[in-house]
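Data block below; observations after.
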Amino acid sequence: MEEKRGVSLEQMEIRAPLLTHLLLHVISRNKQNLVKQKPVELTLGYQNPNGCKVSSFGLKGSIYDSEKVKSIAVMTDDKSTMSSSVEEDSENIGILNADSSLEPYKDHFKYRLKRYLHQKKLIEEYEGSLEEFAKGYLKFGFNREEDGTLYREWAPAALEAQIIGDFNGWDGSNHHMKKDQFGVWSIKIPDDGGNPAIPHNSRVKFRFKHSDGVWVDRIPAWIKYATVDPARFAAPYDGVYWDPPHSERYQFKYARPPKPKAPRIYEAHVGMSSSEPRINSYREFADDVLPRIRENNYNTVQLMAVMEHSYYASFGYHVTNFFAVSSRSGTPEDLKYLIDKAHSLGLHVLMDVVHSHASNNITDGLNGFDVGQSSQESYFHTGDRGYHKLWDSRLFNYANWEVLRFLLSNLRWWIEEYKFDGFRFDGVTSMLYHHHGINMAFTGNYKEYFSEETDVDAVVYLMLANCLVHDILPDATVIAEDVSGMPGLGRPVSEVGIGFDYRLAMAIPDKWIDYVKNKKDNEWSMKEISLNLTNRRYTEKCVAYAESHDQSIVGDKTIAFLLMDEEMYSSMSCLTDASLTIERGIALHKMIHFITMALGGEGYLNFMGNEFGHPEWIDFPREGNGWSYEKCRRQWNLVDTDHLRYKFMNAFDRAMNLLDDRFSFLASTKQIVSSTNNEDKVIVFERGDLVFVFNFHPENTYEGYKVGCDLPGKYRVALDSDAREFGGHGRVGHDADHFTSPEGIPGVPETNFNNRPNSFKILSPPRTCVVYYRVNESQEENNSANLGLVEETVAAADTDANIPDDSVESEDSNFWIGWKKTKEV
C-alpha cells in the first residue's frame, strides 16, 4: 500500500502518461543547446548591482479592500496605459551599455520596461508596495484572528461556496461563504470555548458549485500542508489546517550564514536520499546527509521537490499545492529543522521553485479551480495557451492580478516562513516564450529572443519576482534554468534585465554526454571543450555543472556509469589492481567535473551522489517498474566502504571545493585560456592567480612542459588529480618549486608565449589535471615556521584514515589540497 499512496482511480487516468512527459521534459531541455554567444574577451569581468528600483513611486498604504484594485484583474497588451512618469523612466535602458548589439531591439526593451513599471506602480498604488502585495498568505487561506479563524479563497466563477472538514463532519451547510464583487469568498469561523473551531492538523476542503450546478471539493489554494491517508488505497490528498501550538512550533536557532562569494551547490532530493529503498525524511536528511555536504566543502544545498506534488515520479515538477511542503518527508516543522541545521553548518539553502507550470491534476491541485472559467477568473490561461502539450500541465496567466499575488506571495512565504536563502527557478525557457521552447533550436540570433513570441507577461512577472526577492532578502541567490540563452536574463532589473543572479549553463552536460557516449579519446577536441565551457554572455554569471538530476534520471546514465558501466559492479575494489576501464573512468570523472567547475561558470553544481561516481540511474516508483523504490535511493555505503575506489572520486570532489575555499577562483573575474593544444590534448588556463593544466591525452607524459602565466615568481602544486589519495599514481612532485621565466618583449603581447608574459615548466602525466599557485615569498617564512604544528595536528586527526604511509605526499606549504589538508582537525 505504501508505494501507491495518493493515487486515486480518477488520478490514475491523469497520471499514467506523466513519467513519459517528465522524460520528454528532460530530453527536450537536453536537446536544446545553449546558443553560441557573440565572442568576448577571454578575461571576464562582472558588475552586479543588486537593485531593481528603476523608478520610485509614492506609497499609499495597503488597501486590500479597495474597489479599484480588482478593476485591473488582467493587464493585457492592448489595455495597458502608461503614465507620463513611466514614459520618462522607460528611456533608461542600462542593459544596452553592456551589449551594444542589443540596440536594434531598444523598442522591445522600452516596451518591456513600460509594462514592468506600470504593473509595479499599480501594485504600489493599490496594495501599498510590492512587499505588502506579496503577503497574500496573511489575507488568503486560513488565518487566525483574535476570536476566530478567517478563511478566504479566490474563485470568481463559483456560484456558491462552503468550507468543510473534520471540524464540521464534512457538512458545509452551516458554513456557507460570502462572495465579494471581486470573486473572493470568505468566512469567519468563531472560536469554540476559547479554542479554534478548526483544530490543528485536521483535514479541510473548499466546496463550491460550478455554473452547471455541480458541487465539487478541492484543496484550498493557499493550504500550508496536504496529506493522504496511507491506510486507504488510491486515496486523494486532503488539505490540512496547520497551526500548531507555540510549544510544538519549531523555533529557528541559527542565523542565515553569510552569502558565499560563489555558490558551490549540492543539488539534493530529500525523498531519495536514503540508502534504503524508501522515502527519506527531512530530519533524517538533516542529520545524515547535510554533514556529508558540509564535509565535502559545499556552501549551498539546493532542495528539489519541496512543494507538494501528489505524483512522486514527477520529481517534484508537477506541483499540486504551492504553499505546502511535501508531506511524504515530514511536516512543516521538520523542514524548518532541516533548514536550521543547514544554517548551523554554514550552508545556504535554495529551493527548486516551480512557477513555470502546475500539475494537471484536478483532484489534488490548483487546476481544479478553473472549470468553466475565463482567463480573468482563473489562475491559468484558457484554451491552448493554458496547456503545455509536452509536460501535460497547466500554464499560469502572469498578467492576472491574483495570479501575481499568489506567485509573489509564494516566494515570500518560503523565505519568511522557512528561511530559504533563494531559489532555482525551473522551466524559465517555457515561461519566456509563447512556444515554450518546444521544437525550437536556438541559434543565437537575437530575433529569437525579442519578437512577438516573447511572453512579456511572464518577463514582467520574473522581473517583479527578482525585485521582490532581492528587496526582502538582499543576500538571496536566484538562479534561472534557461536553455535559450536570452540576453539580459542575468542582469539586474535596474538595467531592464530580468534580474537573476545566475543562469544554469545547460549546454555543458550535453557536450560531456556526447563526448563520453560518442567520441573516442583521441577525437576529443580541446578547443571545442574550452569554447563550450567559456561560451557564456559577458557580465551574466553562470552556474556550471557536468551532470545534474537530468543526466541521472531513468533513460540515461551518470557520467561514471557511462565511463565504467558494468565494471562498477565488479572492479571497484582497491584490493586488486584497477582495470584499464576503471582507471580511465576515475581519471576522466575527476577531470570532467573539475574543468567544468574551474572554467564553466561563476558557480558550480553537483547532483547528490555524483561526487563519488554514483552508478546506475534514478527511477522513481511508478506503474512501469511495479512501484519499486529500488533505484530511488543513494548508495552511501559505496563511498563509506574504505576498500572501494568510490572514496577517491569523493576525496577529489572535496578537495576541489576546498581549493575554491582557499583561493576563491570561482568568484574571480580573471579567466584566461592560454592554450588549447589538440595534438598534445592539453588545455592550460588561469582562473584568478591559479594556473590549471589539464592533460586529456590517454598515453603521453610531458616532461618540462611549458605553460604560460601572468605573474612572475615561484609556483607550487595546489591540487593534483594524480595524487595517490585521489586514486592516482603520485607522479607529480608536490615539493618542487617552479620558477618563471619572462617571455617576449614587455608590453608586446604578440611576442609572448601563448600571449602570456611569463612561463614555467612542469611534468604533466596523461589524464591528469594539476593546479599551481604562486607562492607569496613574504609569507613563506611564516608558513614554514607554523608547518610543524599544523602537520602534527593533522597527523593526529588522520590516525584512523587507513591510508598507506607512501600515499601521503611531501608538503612544504599550507596550500597543498590533499587528503591531510581536507580532513577535519
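All residue names refer to the C-alpha cells as shown: chains lettered A, B, ... in order, residues numbered from 1 in each chain, ligands numbered from 1 in order.
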What lies within 9 Å of A:Ser675 using only C-alpha atoms, ignoring chain neighbours under 3 positions off, as an MDAnalysis selection string? chainID A and resid 526:527 682:685 707:708 754
So which residues touch A:Met656 within 8 Å, counting only C-alpha atoms, skipping near sequence neighbours fewer than 3 positions away, as JSON, numbers by chain? {"A": [594, 652, 653, 659, 660, 719, 817]}
A:His381: which residues within 12 Å, counting only C-alpha atoms, same-chain residues fewer than 6 positions away excluded, as a PyMOL selection string? chain A and resi 74+357-358+367+370-375+387-388+393-400+403+434+457
Determine which residues of stretch 489-712 of chain A DSSP labels as strand (DSSP E) from the backbone of this structure, then write them out as JSON, numbers by chain. {"A": [502, 503, 504, 542, 543, 544, 603, 604, 605, 606, 607, 671, 672, 673, 674, 675, 676, 677, 682, 683, 684, 685, 686, 687, 690, 691, 692, 693, 694, 695, 702, 703, 704, 705, 706, 707, 708, 709]}
So how many Å separate atom CA of A:Pro615 and atom CA of A:Ser314, to one decimal? 21.5 Å
A:Glu267: which residues within 6 Å, counting only C-alpha atoms, same-chain residues fewer than 3 positions away excluded, as a list in words?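 Result of the neighbour search: Val301, Gln302, Asn606, Phe607 and Met608 of chain A.
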